[in-house]
Amino acid sequence: MAFRTARKGICMKKLARYLKPYTGWILLCVALLFAQAMCELNLPNLMSDIVNVGLQQSGIEDEAPRVLSQEGLKLLSPFVDESDRSALEAGYTTEELSDALKKEFPKAVSGQTCVLSDDEGKKTAAEDAYRHASAAMLSFFQTMAKQNGEELNLSDSDASASMDFNAIYEMLPMLSQMPPQSFASAIESSQNMDISLSGQIGIVLTKGFYEELGADTSSMQNNYILRTGLLMLGVTLLNALAAVMIGLLASRIAAGGARTLRRDLFAKVESFSNAEFDRFSTASLITRTTNDVTQVQTLVVMALRMVCYAPIIGIGGIIMALGKSVSLSWIVALAVIVLLCTILVIFSIAMPKFKIVQKLVDRLNLVTRENLSGMMVVRAFGNQKREETRFEKANSDLTKTNLFINRVIVFMMPFMTLIMNGVMLMIVWFGSKQIEASAMQVGDMMAYMQYAMQIIMAFLMIAMMFIMVPRAAVAGDRIAEVLETEPSIRDPEAPATLSAPVRGEIVFHDVSFSYPNAEENALEHLSFTAKQGETTAFIGSTGSGKSTLVQLILRFYDVTQGSITLDGVDIRNLTQKELRAQVGFVPQKGLLFSGDIASNIRYGDENATDDEVRHAAETAQAAEFIDAFPNGMETGIAQGGTNVSGGQKQRLSIARALAKKAPVYIFDDSFSALDFKTDAALRRALAKDTADAAVLIVAQRVSTIMRAEQIIVLDEGKIAGIGTHKELLETCPTYREIAESQLSQEELQ
């Protein structure tokens, strides 16, 4: 299990090299992810500021008044100790008011108004002293109010509206006459008070001081809300722009990598010999090139959008949430623990099924392909129901497995909703108690709820990645398996070249061959020469090795013993491209490509002229039926050539090989679908066009090959006889038996 996991990790690393050309774009994507995450993390803070500052503090951000009347400064003096009094006196100085301050505070008079220092050290000390003074003043006046049977609450944001500073200032002589011990209790209480609570009291008092100096606090509030709202809008737009750019870049990177991966897969499959095709089914190779690559592509898109984004949001959300309230952090911790436990349970159930899905897709593709390619046989034997049952089983198995996985994963969403709603309820419940105790503000609680949701969503995104990774890892493993497969037929490191002109003489030197994993040889000790300008024919019973023999010439397989030479050069020392460039091959099963007739014939030589295409068609006895089509050479050919007959398909395949004008022609039982008249006419025409080439013909009919210069009779992979038609009738019982079964006594003479 550990080895398999390690191997998958290695495979995914190898596939990751397809993203190397996009390193710059990936780094840009990561940078945009950071920008998007920062926008997401700042939005709750801005919303908190609107609630806390804009609504509750009337838009006043100053922890201590920027300007303060001299009477106001005197009012604060009794309510601080000596150090705080020094800080206030150092922090506030009487100086000429700027035009901006005069405009903002129209009742402020230069020389009678104190301005807060710009020096950071003095400013911070003055702000701390001001908070203490505000809290001490509240405590002192509350005590006096209780003694008079009244109630005073300066912490109320609306209290400043009812504050009469003239009446308060009239109390200054009385306050100055009171001994310091009268304020000791209030001062001690203020210094032990929570900073947030003393800050709120200070804001209320600041609003009163500002209104005293003629400031329009309503305008301050509106301007703050509008300014912060516009900032939120800007951050939201940046967030949206970053998200769009990330989506675009991630899609382009993943699509580009997948395109290169598909190209390399296709190139690798094209380099496979028949031995590799025997190992991988066609349906599996199609699935690996399409569905599996799509799985990896989807993973790349999601990874670029989530793998970096989720940790930033998760860690950033935790830091921001702790900044709002440490006491509520246990709620988020509990939610994350429950979520992780749920994810682990779901993974343990669904993970084994991911490994089965791709094999079931292979199976479905295999059944579908067999049905489509063998439709005529299915209908001929009336087995539509049987094939429907096969398809239904493959389809049902895949559907059931996917549904099982989806049901397990879908369970996460309602559970996630339950967790999120539960977290919100707990935050509201315990947060309201914090607000009641003045340990937390309403806006902070609202921001904390959003950060909690971001943290949970971050873990959910990570969970979704863990869901996608196993399936993509299976797909990547299957892709890497194809890419890592070394073809058994490879070009030599120092290839030989053929001397021009190529004669086309093929010699088998004691050739033996066995299929991979076969116990016995398919061919044994074959030795013969196929000369230029002569026809060498192969005949024998079914399974005698005729088609295998000609496939060795093209290196679809390599010999296991002996050698095959072309013009004296071992074909294993030639590149596959040069070897196959010398051969015009017509396979046993004629295969046409979608397009038109002309394009199929030009497949042998894409530079062939119209006259050469026409001549090849005439030689192959195809011109007559081509001319019968309304569009002639431009007649469309359906996929696989299903809109032409078997004989027409064979003749077009022969025309394609003739258009190549090769020094060697191989016809692998390519005349089986032709009638005797067409067969005879085709052989007469071929004799002219292939007069200077070596022609090898695999046939079942003696009449097709009886005029060949050399006939080789195969029996169970061995040569039973070599000679002309007449010689073999006298010397080879196997050939005579075949001939007598097909020809009359008169034809045998």
# chains A, B, ... in the order shown; residues from 1 in each chain; ligands from 1

$ residues_around --residues "Pro470 in chain A" --least-positions-apart "4" --cutoff "8 Å" --atoms "only C-alpha atoms" --output "list in words"
Met351, Phe354, Lys355, Phe466 and Val474 of chain A

$ residues_around --residues "Ala694 in chain A" --least-positions-apart "6" --cutoff "7 Å" --atoms "only C-alpha atoms" --output "ChimeraX atom specification"
/A:504-505,530-535,663-665

$ write_last_selection --atoms "all heavy atoms" --output "CSV table (one decimal), in the first residue's frame"
chain,number,residue,atom,x,y,z
A,504,GLY,N,14.4,-2.9,-53.0
A,504,GLY,CA,13.2,-3.6,-52.3
A,504,GLY,C,13.4,-5.1,-52.1
A,504,GLY,O,12.4,-5.8,-52.0
A,505,GLU,N,14.6,-5.6,-52.1
A,505,GLU,CA,14.8,-7.0,-51.9
A,505,GLU,C,14.7,-7.3,-50.5
A,505,GLU,O,15.5,-6.8,-49.7
A,505,GLU,CB,16.2,-7.4,-52.5
A,505,GLU,CG,16.5,-8.9,-52.4
A,505,GLU,CD,17.8,-9.3,-53.0
A,505,GLU,OE1,17.8,-9.5,-54.2
A,505,GLU,OE2,18.8,-9.3,-52.2
A,530,ALA,N,12.5,-12.4,-51.2
A,530,ALA,CA,11.5,-11.7,-52.1
A,530,ALA,C,12.3,-10.7,-52.9
A,530,ALA,O,12.8,-9.7,-52.4
A,530,ALA,CB,10.4,-11.0,-51.2
A,531,LYS,N,12.4,-11.0,-54.2
A,531,LYS,CA,13.2,-10.2,-55.1
A,531,LYS,C,12.5,-9.0,-55.8
A,531,LYS,O,11.3,-9.1,-55.9
A,531,LYS,CB,13.8,-11.1,-56.2
A,531,LYS,CG,14.7,-12.2,-55.6
A,531,LYS,CD,15.3,-13.0,-56.8
A,531,LYS,CE,16.2,-14.2,-56.2
A,531,LYS,NZ,16.7,-15.0,-57.3
A,532,GLN,N,13.3,-8.0,-56.2
A,532,GLN,CA,12.7,-6.9,-56.9
A,532,GLN,C,12.1,-7.4,-58.3
A,532,GLN,O,12.7,-8.2,-58.9
A,532,GLN,CB,13.8,-5.9,-57.2
A,532,GLN,CG,13.3,-4.7,-58.0
A,532,GLN,CD,14.5,-3.7,-58.3
A,532,GLN,OE1,15.6,-4.1,-58.3
A,532,GLN,NE2,14.2,-2.5,-58.7
A,533,GLY,N,11.0,-6.9,-58.6
A,533,GLY,CA,10.4,-7.2,-59.9
A,533,GLY,C,9.6,-8.6,-59.9
A,533,GLY,O,9.1,-9.0,-60.9
A,534,GLU,N,9.6,-9.2,-58.7
A,534,GLU,CA,8.9,-10.5,-58.6
A,534,GLU,C,7.8,-10.4,-57.6
A,534,GLU,O,7.8,-9.6,-56.7
A,534,GLU,CB,9.9,-11.6,-58.2
A,534,GLU,CG,10.9,-11.9,-59.3
A,534,GLU,CD,11.8,-13.1,-58.9
A,534,GLU,OE1,11.6,-13.6,-57.8
A,534,GLU,OE2,12.7,-13.5,-59.7
A,535,THR,N,6.8,-11.4,-57.7
A,535,THR,CA,5.8,-11.5,-56.8
A,535,THR,C,6.0,-12.7,-55.9
A,535,THR,O,6.2,-13.8,-56.4
A,535,THR,CB,4.4,-11.6,-57.5
A,535,THR,OG1,4.2,-10.4,-58.2
A,535,THR,CG2,3.3,-11.8,-56.4
A,663,PRO,N,8.9,0.8,-53.3
A,663,PRO,CA,9.7,-0.3,-53.9
A,663,PRO,C,9.2,-1.6,-53.4
A,663,PRO,O,9.6,-2.7,-53.9
A,663,PRO,CB,11.1,0.0,-53.5
A,663,PRO,CG,11.0,0.8,-52.2
A,663,PRO,CD,9.8,1.6,-52.4
A,664,VAL,N,8.4,-1.6,-52.3
A,664,VAL,CA,7.9,-2.9,-51.8
A,664,VAL,C,6.4,-2.7,-51.5
A,664,VAL,O,6.0,-1.7,-51.0
A,664,VAL,CB,8.6,-3.3,-50.4
A,664,VAL,CG1,8.0,-4.5,-49.9
A,664,VAL,CG2,10.1,-3.4,-50.6
A,665,TYR,N,5.6,-3.7,-52.0
A,665,TYR,CA,4.2,-3.7,-51.8
A,665,TYR,C,3.8,-5.0,-51.0
A,665,TYR,O,4.3,-6.1,-51.4
A,665,TYR,CB,3.4,-3.6,-53.1
A,665,TYR,CG,3.5,-2.3,-53.8
A,665,TYR,CD1,4.4,-2.1,-54.8
A,665,TYR,CD2,2.7,-1.3,-53.4
A,665,TYR,CE1,4.5,-0.9,-55.4
A,665,TYR,CE2,2.8,0.0,-54.0
A,665,TYR,CZ,3.7,0.2,-55.0
A,665,TYR,OH,3.8,1.4,-55.6

$ atom_distance --atom1 "CA of Lys207 in chain A" --atom2 "CA of Asn223 in chain A"
15.1 Å

$ closest_atom_pairs --of "range 151-254 of chain A" --to "range 63-75 of chain A" --cutoff "10 Å" --atoms "only C-alpha atoms" --output "Markdown table"
| residue | atom | partner | partner_atom | distance |
| --- | --- | --- | --- | --- |
| A:Phe165 | CA | A:Gly72 | CA | 8.7 |
| A:Asn166 | CA | A:Glu71 | CA | 9.7 |
| A:Ile168 | CA | A:Leu75 | CA | 8.3 |
| A:Tyr169 | CA | A:Glu71 | CA | 6.9 |
| A:Met171 | CA | A:Leu75 | CA | 8.9 |
| A:Leu172 | CA | A:Leu75 | CA | 6.5 |
| A:Leu175 | CA | A:Leu75 | CA | 8.5 |
| A:Ser176 | CA | A:Leu75 | CA | 9.2 |
| A:Ser198 | CA | A:Glu63 | CA | 9.9 |
| A:Gly199 | CA | A:Glu63 | CA | 6.6 |
| A:Gln200 | CA | A:Glu63 | CA | 8.7 |
| A:Ile201 | CA | A:Glu63 | CA | 9.9 |
| A:Gly202 | CA | A:Glu63 | CA | 6.8 |
| A:Ile203 | CA | A:Glu63 | CA | 6.4 |
| A:Leu205 | CA | A:Pro65 | CA | 8.9 |
| A:Thr206 | CA | A:Pro65 | CA | 5.5 |
| A:Lys207 | CA | A:Pro65 | CA | 8.3 |
| A:Gly208 | CA | A:Pro65 | CA | 9.9 |
| A:Phe209 | CA | A:Leu68 | CA | 6.6 |
| A:Tyr210 | CA | A:Pro65 | CA | 7.5 |
| A:Glu212 | CA | A:Ser69 | CA | 8.6 |
| A:Leu213 | CA | A:Ser69 | CA | 7.7 |

$ closest_residue --among "A:Cys114, A:Met38, A:Val713, A:Val442" --to "Gly54 in chain A" --atoms "only C-alpha atoms"
A:Val442

$ residues_around --residues "range 606-622 of chain A" --least-positions-apart "6" --cutoff "10 Å" --atoms "only C-alpha atoms" --output "JSON, numbers by chain"
{"A": [597, 598, 599, 600, 633, 647, 648, 649, 650, 651, 652, 653, 654, 655, 656, 657, 658, 659, 660, 661, 678, 679, 681, 682, 683, 684, 685, 686, 687, 688, 689]}

$ residues_around --residues "Gly317 in chain A" --least-positions-apart "3" --cutoff "9 Å" --atoms "only C-alpha atoms" --output "PyMOL selection string"
chain A and resi 41+312-314+320-322+448+450-455

$ residues_around --residues "Glu82 in chain A" --least-positions-apart "4" --cutoff "12 Å" --atoms "only C-alpha atoms" --output "ChimeraX atom specification"
/A:77-78,86-89,129,133,180,184,187

$ closest_residue --among "A:Asp605, A:Asp668, A:Glu170, A:Asp510" --to "Thr565 in chain A" --atoms "only C-alpha atoms"
A:Asp510

$ closest_residue --among "A:Ser117, A:Ser670, A:Ser83, A:Asn406" --to "Ser547 in chain A" --atoms "only C-alpha atoms"
A:Ser670

$ select_by_dssp --residues "range 89-194 of chain A" --states "helix (DSSP H, G or I)" --output "NGL selection string"
:A and (89-91 or 99-104 or 120-147 or 159-162 or 165-169 or 172-177 or 181-192)

$ residues_around --residues "range 27-35 of chain A" --least-positions-apart "6" --cutoff "7 Å" --atoms "only C-alpha atoms" --output "list in words"
Ala242, Ile246, Leu249, Cys308 and Tyr309 of chain A

$ write_last_selection --atoms "N, CA and C atoms" --output "CSV table (one decimal), in the first residue's frame"
chain,number,residue,atom,x,y,z
A,242,ALA,N,-9.9,40.0,-9.0
A,242,ALA,CA,-8.9,38.9,-8.8
A,242,ALA,C,-9.5,37.6,-9.0
A,246,ILE,N,-8.0,35.0,-11.6
A,246,ILE,CA,-7.6,33.7,-11.2
A,246,ILE,C,-8.3,32.5,-12.0
A,249,LEU,N,-6.8,32.5,-15.5
A,249,LEU,CA,-5.4,32.0,-15.5
A,249,LEU,C,-5.4,30.5,-15.2
A,308,CYS,N,-3.8,27.2,-2.6
A,308,CYS,CA,-3.2,28.3,-2.0
A,308,CYS,C,-4.2,29.2,-1.2
A,309,TYR,N,-5.4,29.3,-1.8
A,309,TYR,CA,-6.4,30.2,-1.2
A,309,TYR,C,-6.9,29.7,0.1
